[in-house]
file my_file-v8.txt (compact mmCIF, C-alpha atoms)
# COMPACT_ATOMS: atom_id res chain seq x y z
CA MET P 18 51.50 77.71 74.44
CA GLN P 19 51.49 76.62 70.88
CA LEU P 20 49.34 79.10 69.02
CA MET P 21 49.27 79.14 65.22
CA HIS P 22 52.39 76.96 65.39
CA ILE P 23 54.28 79.79 67.05
CA THR P 24 55.50 78.72 70.44
CA CYS P 25 56.66 80.66 73.49
CA LYS P 26 60.17 79.49 72.62
CA ASP P 27 59.85 81.13 69.17
CA THR P 28 58.29 84.26 70.62
CA SER P 29 60.66 85.05 73.49
CA PRO P 30 63.76 85.94 71.39
CA VAL P 31 61.62 88.11 69.11
CA ILE P 32 60.24 90.03 72.12
CA SER P 33 63.85 90.74 73.08
CA GLU P 34 64.88 91.61 69.52
CA MET P 35 61.95 94.02 69.18
CA LEU P 36 63.46 96.06 72.02
CA ASP P 37 66.55 96.59 69.87
CA GLN P 38 65.39 96.95 66.30
CA PRO P 39 62.37 96.81 64.02
CA VAL P 40 61.65 93.24 62.96
CA SER P 41 60.14 92.03 59.69
CA SER P 42 56.44 92.54 59.39
CA ALA P 43 55.77 88.76 59.30
CA LYS P 44 57.75 88.26 62.49
CA TYR P 45 56.05 91.24 64.09
CA TRP P 46 52.51 90.03 63.39
CA ARG P 47 53.22 86.42 64.36
CA THR P 48 54.54 87.72 67.68
CA ARG P 49 51.63 90.13 68.20
CA ILE P 50 49.12 87.38 67.57
CA HIS P 51 50.89 85.04 69.95
CA LEU P 52 51.05 87.79 72.60
CA ALA P 53 47.35 88.54 72.23
CA MET P 54 46.59 84.94 73.15
CA CYS P 55 49.35 84.11 75.63
CA SER P 56 49.29 85.89 79.00
CA VAL P 57 52.53 84.24 80.10
CA CYS P 58 54.47 85.75 77.20
CA ARG P 59 52.81 89.09 77.96
CA TYR P 60 54.27 88.87 81.48
CA TYR P 61 57.65 88.12 79.91
CA LYS P 62 57.34 91.16 77.62
CA THR P 63 56.48 93.41 80.59
CA GLN P 64 59.42 92.01 82.55
CA LEU P 65 61.81 92.89 79.74
CA GLU P 66 60.29 96.37 79.49
CA ILE P 67 60.87 96.84 83.23
CA LEU P 68 64.41 95.57 82.82
CA THR P 69 65.08 98.07 80.02
CA ARG P 70 63.74 101.04 81.98
CA VAL P 71 65.65 100.15 85.12
CA THR P 72 68.83 99.63 83.08
CA HIS P 73 68.48 103.12 81.63
CA GLU P 74 68.16 104.44 85.19
CA LEU P 75 71.44 102.68 86.01
CA ALA P 76 73.11 104.64 83.23
CA ASP P 77 72.42 107.94 84.98
CA GLU P 78 75.32 109.96 86.45
CA ASP P 79 73.55 110.10 89.80
CA SER P 80 72.20 106.56 89.73
CA PRO P 81 71.76 104.99 93.17
CA ALA P 82 73.21 101.73 91.80
CA LYS P 83 76.53 101.75 93.61
CA MET P 84 75.82 104.18 96.43
CA ASP P 85 77.45 101.88 98.95
CA VAL P 86 80.78 101.94 97.09
CA SER P 87 83.44 104.65 97.46
CA LEU P 88 87.10 105.15 96.68
CA SER P 89 89.15 104.30 99.75
CA PRO P 90 90.92 107.18 101.55
CA GLU P 91 94.22 105.65 100.38
CA SER P 92 93.05 105.62 96.76
CA LYS P 93 91.94 109.23 97.01
CA ALA P 94 95.27 110.25 98.52
CA GLN P 95 97.13 108.40 95.75
CA LEU P 96 94.93 110.02 93.11
CA LYS P 97 95.61 113.49 94.54
CA LYS P 98 99.34 112.78 94.56
CA VAL P 99 99.37 111.67 90.92
CA LEU P 100 97.35 114.70 89.83
CA LYS P 101 99.53 117.11 91.80
CA SER P 102 102.66 115.65 90.20
CA GLN P 103 101.24 116.55 86.77
CA GLN P 104 100.41 120.16 87.62
CA MET O 15 88.00 128.65 84.29
CA ASN O 16 88.02 129.83 87.89
CA LYS O 17 90.71 129.07 90.40
CA GLU O 18 88.54 126.62 92.34
CA SER O 19 88.03 124.32 89.38
CA LEU O 20 91.79 124.08 88.85
CA ASP O 21 92.19 122.51 92.25
CA SER O 22 92.68 118.82 91.52
CA ASP O 23 92.30 117.89 95.21
CA LEU O 24 88.86 119.38 95.10
CA TRP O 25 88.03 117.32 91.99
CA VAL O 26 88.94 114.15 93.84
CA ASP O 27 86.92 115.11 96.93
CA ARG O 28 83.94 116.37 95.00
CA TYR O 29 83.71 114.00 92.05
CA GLY O 30 85.98 111.03 92.83
CA ASP O 31 83.27 108.77 94.23
CA LEU O 32 80.70 109.81 91.62
CA LEU O 33 83.09 109.08 88.75
CA TYR O 34 84.16 105.80 90.36
CA ARG O 35 80.57 104.55 90.88
CA TYR O 36 79.61 105.52 87.35
CA THR O 37 82.59 103.56 86.02
CA LEU O 38 81.93 100.54 88.22
CA VAL O 39 78.43 100.15 86.77
CA ARG O 40 80.11 99.80 83.37
CA VAL O 41 83.39 98.11 84.23
CA ASN O 42 83.07 95.33 86.77
CA ASP O 43 86.64 95.61 88.01
CA PRO O 44 87.51 97.99 90.88
CA ASP O 45 91.18 98.32 89.87
CA ALA O 46 90.36 99.07 86.24
CA ALA O 47 87.61 101.48 87.35
CA GLN O 48 90.04 103.34 89.59
CA GLU O 49 92.55 103.55 86.79
CA ILE O 50 89.93 104.93 84.41
CA VAL O 51 89.02 107.63 86.95
CA GLN O 52 92.69 108.55 87.25
CA VAL O 53 93.18 108.68 83.47
CA THR O 54 90.05 110.83 83.23
CA LEU O 55 91.22 113.36 85.79
CA LEU O 56 94.69 113.49 84.21
CA ALA O 57 93.11 114.14 80.82
CA ALA O 58 90.93 116.81 82.42
CA LEU O 59 94.02 118.44 83.86
CA GLU O 60 95.66 118.34 80.45
CA ALA O 61 92.58 119.72 78.71
CA ASN O 62 91.95 122.36 81.31
CA LYS O 63 92.26 125.17 78.80
CA SER O 64 89.56 123.70 76.59
CA PHE O 65 87.01 123.92 79.39
CA GLU O 66 85.15 127.07 78.55
CA GLY O 67 82.48 126.89 81.16
CA ARG O 68 79.80 126.08 78.60
CA SER O 69 78.80 123.06 80.66
CA SER O 70 79.13 122.47 84.36
CA GLU O 71 82.43 121.13 85.62
CA LYS O 72 80.67 117.90 86.56
CA SER O 73 79.23 117.29 83.06
CA TRP O 74 82.60 118.18 81.53
CA LEU O 75 84.36 115.55 83.67
CA PHE O 76 81.67 112.95 82.95
CA GLY O 77 82.03 113.70 79.24
CA ILE O 78 85.74 112.86 79.43
CA LEU O 79 85.01 109.79 81.56
CA LYS O 80 82.57 108.40 78.96
CA HIS O 81 85.31 108.53 76.30
CA LYS O 82 87.80 106.85 78.61
CA ILE O 83 85.37 104.03 79.39
CA LEU O 84 84.83 103.37 75.69
CA ASP O 85 88.61 103.44 75.16
CA HIS O 86 88.86 100.77 77.86
CA TYR O 87 86.28 98.64 76.02
CA ARG O 88 88.15 99.08 72.76
CA ARG O 89 91.39 97.92 74.36
CA LEU O 90 89.63 94.86 75.77
CA LYS O 91 88.21 93.83 72.42
CA LYS O 92 91.71 93.11 71.15
CA HIS O 93 92.00 90.31 73.68
CA LYS O 94 88.45 89.00 73.77
CA THR O 95 86.17 87.40 71.30
CA PHE O 96 82.45 87.93 71.19
CA ASP O 97 81.87 84.75 69.23
CA LEU O 98 79.41 82.42 70.88
CA LEU O 99 80.99 79.26 72.22
CA PRO O 100 79.20 76.01 73.09
CA GLU O 101 79.46 76.84 76.81
CA ASP O 102 77.58 80.09 76.20
CA ASP O 103 74.61 78.13 75.01
CA THR O 104 72.82 78.11 78.32
CA ASP O 105 69.40 79.64 78.58
CA PRO O 106 68.07 79.67 82.12
CA PHE O 107 64.57 79.68 80.68
CA ASP O 108 64.76 76.36 78.98
CA TYR O 109 61.65 75.31 77.25
CA GLN O 110 59.74 72.07 77.11
CA PRO O 111 60.04 70.03 73.90
CA ASP O 112 56.72 71.45 72.64
CA GLY O 113 57.98 75.05 73.03
CA HIS O 114 56.13 75.84 76.30
CA TRP O 115 57.97 77.69 79.04
CA LYS O 116 59.49 75.27 81.53
CA SER O 117 59.39 77.91 84.23
CA LEU O 118 56.45 80.25 83.63
CA PRO O 119 57.15 84.01 83.70
CA ILE O 120 55.15 85.60 86.52
CA ASP O 121 53.49 88.95 86.98
CA TRP O 122 55.98 91.24 88.77
CA LYS O 123 53.06 93.55 89.59
CA LEU O 124 55.06 96.61 88.64
CA ASP O 125 54.18 99.29 86.12
CA PRO O 126 57.16 99.63 83.70
CA GLU O 127 56.58 103.41 83.74
CA LYS O 128 57.30 103.48 87.48
CA ALA O 129 60.00 100.82 87.59
CA ALA O 130 62.91 103.28 87.47
CA GLU O 131 61.69 104.96 90.67
CA ASN O 132 62.25 101.73 92.57
CA THR O 133 65.69 102.22 94.13
CA GLN O 134 65.78 98.67 95.51
CA LEU O 135 65.22 97.29 92.03
CA VAL O 136 67.87 99.58 90.50
CA ARG O 137 70.43 98.38 93.03
CA ALA O 138 69.40 94.74 92.66
CA LEU O 139 69.86 95.03 88.90
CA ALA O 140 73.36 96.50 89.33
CA GLY O 141 74.22 93.47 91.49
CA CYS O 142 72.75 91.07 88.94
CA MET O 143 74.71 92.71 86.12
CA ASP O 144 77.91 91.95 88.02
CA LYS O 145 76.97 88.27 87.95
CA LEU O 146 76.62 88.11 84.15
CA PRO O 147 79.33 86.29 82.20
CA GLU O 148 81.80 89.01 81.12
CA LYS O 149 81.04 88.60 77.41
CA PHE O 150 77.31 89.13 77.99
CA ARG O 151 77.94 91.96 80.43
CA ARG O 152 80.07 93.96 78.03
CA ILE O 153 77.63 93.74 75.16
CA PHE O 154 74.70 94.52 77.45
CA VAL O 155 76.51 97.58 78.85
CA LEU O 156 77.44 98.89 75.39
CA LYS O 157 73.88 98.51 74.17
CA GLU O 158 71.71 99.36 77.15
CA ILE O 159 73.90 101.55 79.35
CA GLU O 160 76.11 103.32 76.80
CA GLY O 161 73.28 103.37 74.28
CA LEU O 162 75.45 102.45 71.28
CA SER O 163 73.55 101.45 68.18
CA SER O 164 73.52 97.78 67.19
CA ASP O 165 75.42 98.65 63.98
CA LYS O 166 78.13 100.44 65.89
CA ILE O 167 78.58 97.56 68.34
CA CYS O 168 78.74 95.02 65.51
CA ASN O 169 81.23 97.06 63.48
CA GLU O 170 83.42 98.39 66.21
CA PHE O 171 83.54 95.31 68.43
CA ASN O 172 83.43 92.65 65.70
CA VAL O 173 80.17 91.06 66.79
CA LYS O 174 78.02 89.28 64.25
CA PRO O 175 74.47 90.72 64.26
CA THR O 176 72.91 87.31 64.93
CA ASN O 177 75.25 86.82 67.89
CA LEU O 178 74.34 90.27 69.18
CA TRP O 179 70.62 89.39 69.38
CA VAL O 180 71.37 86.04 71.01
CA ILE O 181 73.73 87.59 73.57
CA LEU O 182 71.26 90.37 74.45
CA HIS O 183 68.40 87.89 74.77
CA ARG O 184 70.41 85.62 77.05
CA ALA O 185 71.75 88.52 79.09
CA ARG O 186 68.19 89.75 79.66
CA ASN O 187 67.02 86.27 80.62
CA GLN O 188 69.84 85.85 83.09
CA LEU O 189 69.17 89.28 84.60
CA LYS O 190 65.47 88.48 84.83
CA LYS O 191 66.18 85.20 86.59
CA CYS O 192 68.62 86.88 89.00
CA LEU O 193 66.09 89.64 89.80
CA GLU O 194 63.46 87.02 90.59
CA ILE O 195 65.83 85.54 93.16
CA HIS O 196 67.24 88.76 94.62
CA TRP O 197 64.40 91.21 94.23
CA VAL O 198 60.97 89.72 93.41
CA ASN O 199 61.16 87.12 96.16
CA LYS O 200 62.24 89.72 98.71
CA VAL O 201 59.58 92.34 98.03
call {"tool": "encode", "arguments": {"input": "my_file-v8.txt", "output": "structure tokens"}}
result
Amino acid sequence: MQLMHITCKDTSPVISEMLDQPVSSAKYWRTRIHLAMCSVCRYYKTQLEILTRVTHELADEDSPAKMDVSLSPESKAQLKKVLKSQQ
Amino acid sequence: MNKESLDSDLWVDRYGDLLYRYTLVRVNDPDAAQEIVQVTLLAALEANKSFEGRSSEKSWLFGILKHKILDHYRRLKKHKTFDLLPEDDTDPFDYQPDGHWKSLPIDWKLDPEKAAENTQLVRALAGCMDKLPEKFRRIFVLKEIEGLSSDKICNEFNVKPTNLWVILHRARNQLKKCLEIHWVNKV
């Protein structure tokens, strides 16, 4: 949607940037006004918020992200051997 | 430190998989991940005396692992550039000439507050991250998984701030598109 000459194309990178750092007040208000009038960009903003939260969950030490992956028995045996040789 | 925690076999059995999975989320290369786990446990062995039991053995090992992962990233930066090349200029959410979305974002019908509880989504995202171009993946990991500040990433990894915003925006768009294929459409 082209609202106040600010398009979705202009708005989308700013929505992403706002997740990382404060933006200039002009940029902020242009984006807020566009978001108030454009439900599609609001969906996009929510999607990025979901993405950010789920990414932070991935960062956790006990994250379920790679639960199906393990070191092979051979790798573990090799690892034990290397560690023993250093003791 | 008690006798049990000096047993390196026990470390491998107890923490090997946990350390390996944690590394694989950050380093999309099983061989490199395995090597980082090994270097971590060797360093732990070396630093055994400095472990004073102030934290749990697990947090102590993860603390060492985090440093080793960043060391790995620092080594890689010597061989890789984070400059944007013409072939990086692909945005899966291309827009129409008037600035409208070509493919309209949809309502995922998920409360962001509850998103992290969705194990399926967490795992789908890990899979989608592995599909990112390596340059985008690394920057995304440093920023969103390792939680480094934008200034630190720009200074330490020689990324121009404008490139950083572009890379993060494109990485997010690619992840979003991948999740719509592998998660949204399957829920």
call {"tool": "interface_residues", "arguments": {"input": "my_file-v8.txt", "of": "chain P", "to": "chain O", "cutoff": "9 Å", "atoms": "all atoms listed in the file", "output": "ChimeraX atom specification"}}
result
/P:18-19,23-27,29-34,37-38,57-61,63-84,86-88,92-94,96-101,103-104
call {"tool": "residues_around", "arguments": {"input": "my_file-v8.txt", "residues": "Cys168 (chain O)", "least_positions_apart": "4", "cutoff": "12 Å", "atoms": "only C-alpha atoms", "output": "JSON list (two decimals) with C-alpha atoms, in the coordinates of the input"}}
result
[["chain", "number", "residue", "atom", "x", "y", "z"],
["O", 91, "LYS", "CA", 88.21, 93.83, 72.42],
["O", 96, "PHE", "CA", 82.45, 87.93, 71.19],
["O", 97, "ASP", "CA", 81.87, 84.75, 69.23],
["O", 153, "ILE", "CA", 77.63, 93.74, 75.16],
["O", 156, "LEU", "CA", 77.44, 98.89, 75.39],
["O", 157, "LYS", "CA", 73.88, 98.51, 74.17],
["O", 162, "LEU", "CA", 75.45, 102.45, 71.28],
["O", 163, "SER", "CA", 73.55, 101.45, 68.18],
["O", 164, "SER", "CA", 73.52, 97.78, 67.19],
["O", 172, "ASN", "CA", 83.43, 92.65, 65.70],
["O", 173, "VAL", "CA", 80.17, 91.06, 66.79],
["O", 174, "LYS", "CA", 78.02, 89.28, 64.25],
["O", 175, "PRO", "CA", 74.47, 90.72, 64.26],
["O", 176, "THR", "CA", 72.91, 87.31, 64.93],
["O", 177, "ASN", "CA", 75.25, 86.82, 67.89],
["O", 178, "LEU", "CA", 74.34, 90.27, 69.18],
["O", 179, "TRP", "CA", 70.62, 89.39, 69.38]]
call {"tool": "atom_distance", "arguments": {"input": "my_file-v8.txt", "atom1": "CA of Leu75 (chain O)", "atom2": "CA of Ile50 (chain O)"}}
result
12.0 Å
call {"tool": "atom_distance", "arguments": {"input": "my_file-v8.txt", "atom1": "CA of Glu170 (chain O)", "atom2": "CA of Leu84 (chain O)"}}
result
10.8 Å
call {"tool": "atom_distance", "arguments": {"input": "my_file-v8.txt", "atom1": "CA of Leu79 (chain O)", "atom2": "CA of Ala185 (chain O)"}}
result
25.2 Å
call {"tool": "closest_residue", "arguments": {"input": "my_file-v8.txt", "among": "O:Phe150, O:Glu71, O:Phe171, O:Ala58", "to": "Asp85 (chain O)", "atoms": "all atoms listed in the file"}}
result
O:Phe171
call {"tool": "axis_aligned_box", "arguments": {"input": "my_file-v8.txt", "around": "region 38-45 of chain P", "padding_each_side": "4 Å", "output": "AutoDock Vina command-line options"}}
result
--center_x 60.6 --center_y 92.6 --center_z 62.8 --size_x 17.6 --size_y 16.7 --size_z 15.0
call {"tool": "closest_residue", "arguments": {"input": "my_file-v8.txt", "among": "P:Pro90, P:Lys62, P:Cys55, P:Gln95", "to": "Leu36 (chain P)", "atoms": "all atoms listed in the file"}}
result
P:Lys62
